[in-house]
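Trainee: Next up, model.csv (CSV, C-alpha atoms and all ligand atoms).
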chain,number,residue,atom,x,y,z
A,1452,MET,CA,89.8,85.4,107.2
A,1453,ARG,CA,92.4,86.8,104.8
A,1454,TYR,CA,93.1,90.5,104.5
A,1455,PHE,CA,93.9,92.2,101.3
A,1456,ILE,CA,94.8,95.7,101.9
A,1457,ALA,CA,95.4,98.1,99.0
A,1458,ASN,CA,97.8,101.0,99.7
A,1459,TRP,CA,97.4,103.5,96.9
A,1460,LYS,CA,100.1,105.8,98.4
A,1461,ALA,CA,100.1,109.3,96.7
A,1462,ASN,CA,98.4,108.1,93.6
A,1463,LYS,CA,95.0,108.7,91.9
A,1464,ASN,CA,92.8,111.8,91.4
A,1465,LEU,CA,89.0,111.7,91.9
A,1466,ASN,CA,88.1,110.4,88.5
A,1467,GLU,CA,90.8,107.7,88.6
A,1468,ALA,CA,89.6,106.5,92.0
A,1469,LEU,CA,86.0,106.4,91.0
A,1470,ASP,CA,86.9,104.6,87.8
A,1471,TRP,CA,88.9,102.0,89.8
A,1472,ILE,CA,85.9,101.3,92.1
A,1473,ASP,CA,83.5,101.1,89.1
A,1474,LYS,CA,85.7,98.6,87.3
A,1475,PHE,CA,86.4,96.6,90.5
A,1476,LEU,CA,82.7,96.3,91.4
A,1477,ASN,CA,82.0,95.0,87.9
A,1478,LEU,CA,84.4,92.1,88.4
A,1479,PRO,CA,82.8,88.8,89.6
A,1480,SER,CA,84.3,89.0,93.1
A,1481,ARG,CA,83.4,86.7,96.0
A,1482,TYR,CA,84.2,88.2,99.3
A,1483,ASP,CA,83.0,85.7,101.8
A,1484,ARG,CA,86.4,84.5,102.9
A,1485,ILE,CA,88.3,87.7,102.6
A,1486,LYS,CA,88.5,91.2,104.1
A,1487,MET,CA,89.3,93.8,101.5
A,1488,VAL,CA,90.5,97.3,102.5
A,1489,VAL,CA,91.2,100.1,100.2
A,1490,CYS,CA,93.5,102.8,101.6
A,1491,PRO,CA,93.5,105.8,99.2
A,1492,PRO,CA,94.9,109.3,99.9
A,1493,PHE,CA,92.8,111.4,102.3
A,1494,HIS,CA,91.0,113.5,99.7
A,1495,LEU,CA,89.4,110.4,98.2
A,1496,ILE,CA,88.0,108.9,101.3
A,1497,HIS,CA,84.7,110.7,101.3
A,1498,PRO,CA,83.8,110.2,97.6
A,1499,LEU,CA,84.7,106.5,97.9
A,1500,LYS,CA,82.7,106.2,101.0
A,1501,LEU,CA,79.6,107.6,99.1
A,1502,LYS,CA,80.4,105.2,96.2
A,1503,LEU,CA,80.6,102.2,98.5
A,1504,ARG,CA,77.5,103.1,100.5
A,1505,ASP,CA,75.7,99.9,99.6
A,1506,ASN,CA,78.7,97.7,99.7
A,1507,LYS,CA,79.3,95.6,102.8
A,1508,PHE,CA,82.5,94.0,101.6
A,1509,ILE,CA,85.0,96.7,100.8
A,1510,SER,CA,86.2,98.7,103.8
A,1511,LEU,CA,88.1,102.0,103.7
A,1512,GLY,CA,91.3,102.9,105.4
A,1513,THR,CA,93.9,105.7,105.5
A,1514,GLN,CA,97.6,105.5,105.1
A,1515,ASP,CA,98.3,107.5,108.2
A,1516,VAL,CA,96.5,109.5,111.0
A,1517,SER,CA,97.8,112.6,112.7
A,1518,VAL,CA,99.8,112.4,115.9
A,1519,PHE,CA,97.5,115.2,117.2
A,1520,GLU,CA,94.0,114.8,118.4
A,1521,SER,CA,92.6,118.1,117.1
A,1522,GLY,CA,93.5,121.8,117.1
A,1523,ASN,CA,95.9,124.2,115.4
A,1524,TYR,CA,97.9,121.8,113.3
A,1525,THR,CA,97.7,123.0,109.8
A,1526,GLY,CA,97.4,120.3,107.2
A,1527,GLU,CA,96.9,117.4,109.7
A,1528,VAL,CA,94.1,114.9,109.3
A,1529,THR,CA,93.1,113.5,112.7
A,1530,ALA,CA,91.7,110.2,113.8
A,1531,LYS,CA,88.9,112.1,115.5
A,1532,SER,CA,87.8,113.7,112.2
A,1533,LEU,CA,88.1,110.3,110.4
A,1534,LYS,CA,85.9,108.4,112.9
A,1535,GLY,CA,83.0,106.8,111.0
A,1536,LEU,CA,84.5,107.4,107.6
A,1537,ILE,CA,87.2,104.7,107.8
A,1538,ASP,CA,87.7,101.4,109.6
A,1539,TYR,CA,91.4,101.0,109.3
A,1540,ALA,CA,94.6,103.1,109.2
A,1541,ILE,CA,98.0,102.0,108.1
A,1542,ILE,CA,100.4,103.3,110.8
A,1543,GLY,CA,104.2,103.0,110.8
A,1544,HIS,CA,104.8,102.5,107.0
A,1545,SER,CA,108.5,102.6,106.3
A,1546,GLU,CA,108.0,105.4,103.9
A,1547,ARG,CA,106.6,107.5,106.7
A,1548,ARG,CA,109.3,106.5,109.1
A,1549,LYS,CA,111.9,107.5,106.4
A,1550,TYR,CA,110.5,110.6,104.8
A,1551,PHE,CA,108.6,112.0,107.8
A,1552,GLN,CA,111.0,110.8,110.5
A,1553,GLU,CA,108.2,109.1,112.5
A,1554,SER,CA,109.6,107.7,115.7
A,1555,ASP,CA,108.3,104.9,117.8
A,1556,GLU,CA,106.9,107.4,120.3
A,1557,VAL,CA,105.0,109.3,117.5
A,1558,LEU,CA,103.7,106.0,116.1
A,1559,THR,CA,102.5,104.8,119.5
A,1560,LYS,CA,100.6,108.1,119.9
A,1561,LYS,CA,99.0,107.6,116.5
A,1562,VAL,CA,98.0,104.1,117.4
A,1563,GLN,CA,96.4,105.3,120.6
A,1564,LEU,CA,94.4,108.0,118.9
A,1565,ALA,CA,93.3,105.6,116.1
A,1566,LEU,CA,92.0,103.1,118.7
A,1567,LYS,CA,90.3,105.8,120.7
A,1568,TYR,CA,88.3,106.7,117.6
A,1569,GLU,CA,87.5,103.1,116.7
A,1570,ILE,CA,89.9,102.9,113.8
A,1571,GLN,CA,91.9,99.6,113.6
A,1572,PRO,CA,95.6,100.2,113.0
A,1573,VAL,CA,97.4,98.1,110.5
A,1574,TYR,CA,100.8,98.4,112.1
A,1575,CYS,CA,103.8,98.1,109.8
A,1576,VAL,CA,107.2,96.8,110.9
A,1577,ARG,CA,110.4,96.6,108.8
A,1578,GLY,CA,111.7,93.6,110.7
A,1579,GLU,CA,111.8,91.9,114.1
A,1580,LYS,CA,113.7,94.8,115.7
A,1581,ASP,CA,110.8,97.2,115.3
A,1582,SER,CA,108.7,97.5,118.5
A,1583,ILE,CA,104.9,97.1,118.3
A,1584,PRO,CA,102.6,99.3,120.5
A,1585,GLU,CA,100.1,97.7,122.8
A,1586,ASN,CA,96.6,96.6,121.5
A,1587,ILE,CA,97.7,96.1,117.9
A,1588,LYS,CA,95.6,93.4,116.2
A,1589,ILE,CA,97.0,93.6,112.7
A,1590,VAL,CA,100.7,93.6,112.0
A,1591,ALA,CA,102.1,94.0,108.4
A,1592,TYR,CA,105.7,92.9,107.9
A,1593,GLU,CA,107.2,94.9,105.1
A,1594,PRO,CA,111.0,94.5,104.5
A,1595,VAL,CA,112.2,97.9,103.1
A,1596,TYR,CA,114.2,96.3,100.3
A,1597,ALA,CA,111.1,94.6,99.0
A,1598,ILE,CA,108.8,97.6,98.8
A,1599,GLY,CA,108.2,98.6,95.2
A,1600,THR,CA,111.4,96.9,93.9
A,1601,GLY,CA,110.1,93.7,92.5
A,1602,GLN,CA,112.2,91.7,95.1
A,1603,ASN,CA,109.6,90.1,97.2
A,1604,GLU,CA,110.9,88.3,100.3
A,1605,ASP,CA,110.9,84.4,100.4
A,1606,VAL,CA,108.0,83.0,102.4
A,1607,GLU,CA,110.4,81.1,104.7
A,1608,LYS,CA,112.2,84.3,105.6
A,1609,VAL,CA,108.8,86.0,106.3
A,1610,ILE,CA,107.8,83.2,108.6
A,1611,GLU,CA,111.1,83.4,110.5
A,1612,VAL,CA,110.5,87.1,111.1
A,1613,LYS,CA,107.0,86.4,112.3
A,1614,LYS,CA,108.3,83.9,114.8
A,1615,LYS,CA,110.8,86.4,116.1
A,1616,LEU,CA,108.1,89.0,116.5
A,1617,ASN,CA,106.5,86.7,119.0
A,1618,LEU,CA,103.0,87.9,118.3
A,1619,SER,CA,100.0,86.8,120.3
A,1620,GLU,CA,97.8,84.2,118.4
A,1621,LYS,CA,95.1,86.8,118.2
A,1622,VAL,CA,97.2,89.1,116.0
A,1623,SER,CA,96.8,88.9,112.3
A,1624,PHE,CA,100.1,88.8,110.4
A,1625,LEU,CA,100.3,90.3,106.9
A,1626,TYR,CA,103.2,90.4,104.4
A,1627,GLY,CA,103.8,93.3,102.1
A,1628,GLY,CA,106.5,94.0,99.5
A,1629,SER,CA,106.3,93.5,95.7
A,1630,ILE,CA,103.3,91.3,95.7
A,1631,THR,CA,102.0,90.4,92.2
A,1632,GLU,CA,99.6,87.8,90.9
A,1633,SER,CA,102.5,85.5,90.2
A,1634,ASN,CA,103.9,85.4,93.8
A,1635,ALA,CA,100.8,86.1,95.9
A,1636,GLN,CA,99.8,82.4,96.1
A,1637,ASP,CA,103.1,81.5,97.8
A,1638,TYR,CA,102.1,83.5,100.8
A,1639,LEU,CA,98.4,82.8,100.7
A,1640,VAL,CA,98.8,79.0,100.9
A,1641,ASN,CA,100.8,79.5,104.1
A,1642,SER,CA,98.8,79.3,107.3
A,1643,TYR,CA,101.3,81.6,109.1
A,1644,ILE,CA,100.3,84.5,106.9
A,1645,ASP,CA,96.9,86.1,107.2
A,1646,GLY,CA,96.9,88.4,104.3
A,1647,LEU,CA,98.8,90.9,102.1
A,1648,LEU,CA,99.4,94.6,102.1
A,1649,ILE,CA,99.7,95.6,98.4
A,1650,GLY,CA,101.1,98.8,96.9
A,1651,GLY,CA,101.9,98.9,93.2
A,1652,SER,CA,99.7,95.9,92.3
A,1653,SER,CA,96.7,97.5,93.9
A,1654,LEU,CA,96.6,100.5,91.5
A,1655,ASP,CA,95.1,98.6,88.7
A,1656,PRO,CA,91.7,96.9,89.6
A,1657,ASP,CA,92.3,94.0,87.3
A,1658,GLU,CA,95.7,93.2,88.7
A,1659,PHE,CA,94.4,93.6,92.3
A,1660,PHE,CA,91.4,91.4,91.5
A,1661,LYS,CA,93.7,88.6,90.2
A,1662,ILE,CA,95.5,88.6,93.5
A,1663,ILE,CA,92.4,88.6,95.8
A,1664,LYS,CA,90.9,85.8,93.7
A,1665,LEU,CA,93.7,83.7,95.0
A,1666,GLY,CA,92.5,84.2,98.6
B,1701,LIG,C1,103.7,99.1,100.4
B,1701,LIG,O1,104.3,100.1,100.2
B,1701,LIG,O2,102.9,98.9,101.4
B,1701,LIG,C2,103.9,98.0,99.4
B,1701,LIG,C3,103.7,96.8,99.8
B,1701,LIG,O3,104.3,98.3,98.2
B,1701,LIG,P1,104.6,97.4,96.9
B,1701,LIG,O4,103.5,96.3,96.9
B,1701,LIG,O5,104.5,98.3,95.8
B,1701,LIG,O6,105.9,96.8,97.2
Now that the file is in, can you turn its structure into structure tokens?

Mentor:
Amino acid sequence: MRYFIANWKANKNLNEALDWIDKFLNLPSRYDRIKMVVCPPFHLIHPLKLKLRDNKFISLGTQDVSVFESGNYTGEVTAKSLKGLIDYAIIGHSERRKYFQESDEVLTKKVQLALKYEIQPVYCVRGEKDSIPENIKIVAYEPVYAIGTGQNEDVEKVIEVKKKLNLSEKVSFLYGGSITESNAQDYLVNSYIDGLLIGGSSLDPDEFFKIIKLG
């Protein structure tokens, strides 16, 4: 099973998101060998959930969950409140570590809350030095220099990092960082890599489709 996870980051309003899904669903996709997850900003989760009501193949995820379980934390979106709406949550993305100072301790708490509310964390690491909380089943390696820069990391280097991470065989290992339709195949033909986390190239449904078709 190969994962293709779209990280829309802070992009798209309601109309743009619905338009993306409409266009995507009109493409002749085959999903039997792949797991496709769309991670929009929070405000788009529910409308996309309604839109995908009859679709068994596209799952939804978030790009974060709160470190708090519930209560007086203005602006936070909790795993508890997301239960049943999403199946996955990206946790530990380097942009959150950098711009929101998320520490290992905070990230571990987020992972625990996600798991408690039946949300599968997609845990991002920047390299072999980042620690990985317990019970993680999906790890995404995203070297910071490769994110949004057009400088994707060589497959050999990605595999070296995977080996150093010393993951259990049960953990799925994804790569993310400047994936496009022209470099995706290099990763997908490699049995060490179980899928891709895709930012910029997931914003356009045609571009994303060209990548998932390679899976
Ligand atoms: C990301 O930020 O998760 C990512 C992989 O971005 P991009 O594909 O744009 O490099």

Trainee: Could you report the residues within 7 Å of ligand LIG 1701 (chain B), using all atoms listed in the file, as a PDB file with C-alpha atoms, in the frame of the given file?

Mentor:
ATOM      1  CA  ASN A1458      97.800 101.000  99.700  1.00  0.00           C
ATOM      2  CA  HIS A1544     104.800 102.500 107.000  1.00  0.00           C
ATOM      3  CA  GLU A1593     107.200  94.900 105.100  1.00  0.00           C
ATOM      4  CA  ALA A1597     111.100  94.600  99.000  1.00  0.00           C
ATOM      5  CA  ILE A1598     108.800  97.600  98.800  1.00  0.00           C
ATOM      6  CA  GLY A1599     108.200  98.600  95.200  1.00  0.00           C
ATOM      7  CA  THR A1600     111.400  96.900  93.900  1.00  0.00           C
ATOM      8  CA  GLY A1627     103.800  93.300 102.100  1.00  0.00           C
ATOM      9  CA  GLY A1628     106.500  94.000  99.500  1.00  0.00           C
ATOM     10  CA  SER A1629     106.300  93.500  95.700  1.00  0.00           C
ATOM     11  CA  ILE A1630     103.300  91.300  95.700  1.00  0.00           C
ATOM     12  CA  LEU A1648      99.400  94.600 102.100  1.00  0.00           C
ATOM     13  CA  ILE A1649      99.700  95.600  98.400  1.00  0.00           C
ATOM     14  CA  GLY A1650     101.100  98.800  96.900  1.00  0.00           C
ATOM     15  CA  GLY A1651     101.900  98.900  93.200  1.00  0.00           C
ATOM     16  CA  SER A1652      99.700  95.900  92.300  1.00  0.00           C
TER      17      SER A1652
END

Trainee: Under the rule that all atoms listed in the file are counted, which of A:Ile1587, A:Ala1530, A:Val1518, A:Val1595 is the nearest residue to A:Glu1569?

Mentor: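 Comparing A:Ile1587, A:Ala1530, A:Val1518, A:Val1595 against A:Glu1569, the winner is A:Ala1530.
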
Trainee: Rank A:Leu1503, A:Val1612, A:Ala1565, A:Leu1511 by their smallest atom-to-atom distance to A:Trp1459, using only C-alpha atoms, and report the top residue only.

Mentor: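 Ranking A:Leu1503, A:Val1612, A:Ala1565, A:Leu1511 by distance to A:Trp1459, first place goes to A:Leu1511.
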
Trainee: Smallest atom-to-atom distance to A:Tyr1482: which of A:Glu1467, A:Glu1620, A:Gln1571, A:Met1452, using all atoms listed in the file?

Mentor: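 Ranking A:Glu1467, A:Glu1620, A:Gln1571, A:Met1452 by distance to A:Tyr1482, first place goes to A:Met1452.
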
Trainee: Would you mind listing what lies within 12 Å of A:Asn1477 as a short mmCIF file (atom, residue, chain, number, x, y, z; two decimals) with C-alpha atoms, keeping the file's coordinate frame, with all atoms listed in the file counted and same-chain residues fewer than 5 positions away left out?

Mentor:
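Output saved as out.cif:
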data_model
loop_
_atom_site.label_atom_id
_atom_site.label_comp_id
_atom_site.auth_asym_id
_atom_site.auth_seq_id
_atom_site.Cartn_x
_atom_site.Cartn_y
_atom_site.Cartn_z
CA ASP A 1470 86.90 104.60 87.80
CA TRP A 1471 88.90 102.00 89.80
CA ILE A 1472 85.90 101.30 92.10
CA PRO A 1656 91.70 96.90 89.60
CA ASP A 1657 92.30 94.00 87.30
CA PHE A 1660 91.40 91.40 91.50
#

Trainee: With distances taken over only C-alpha atoms, which of A:Val1576, A:Ile1589, A:Leu1647, A:Val1489 is nearest to A:Asn1603?

Mentor: A:Leu1647

Trainee: Find the distance between atom CA of A:Asp1645 and atom CA of A:Lys1486 and write it in Å to one decimal.

Mentor: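 So the two atoms, atom CA of A:Asp1645 and atom CA of A:Lys1486, lie 10.3 Å apart.
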
Trainee: State, in Å with one decimal place, the distance from atom CA of A:Lys1664 to atom CA of A:Phe1455.

Mentor: 10.4 Å

Trainee: Which value, in Å to one decimal, gives the distance between atom CA of A:Arg1548 and atom CA of A:Lys1614?

Mentor: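 Going from atom CA of A:Arg1548 over to atom CA of A:Lys1614 covers 23.3 Å.
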
Trainee: Would you please work out which residue, of A:Leu1616, A:Leu1495, A:Val1590, A:Ala1540, is nearest to A:Asp1515 when using all atoms listed in the file?

Mentor: A:Ala1540
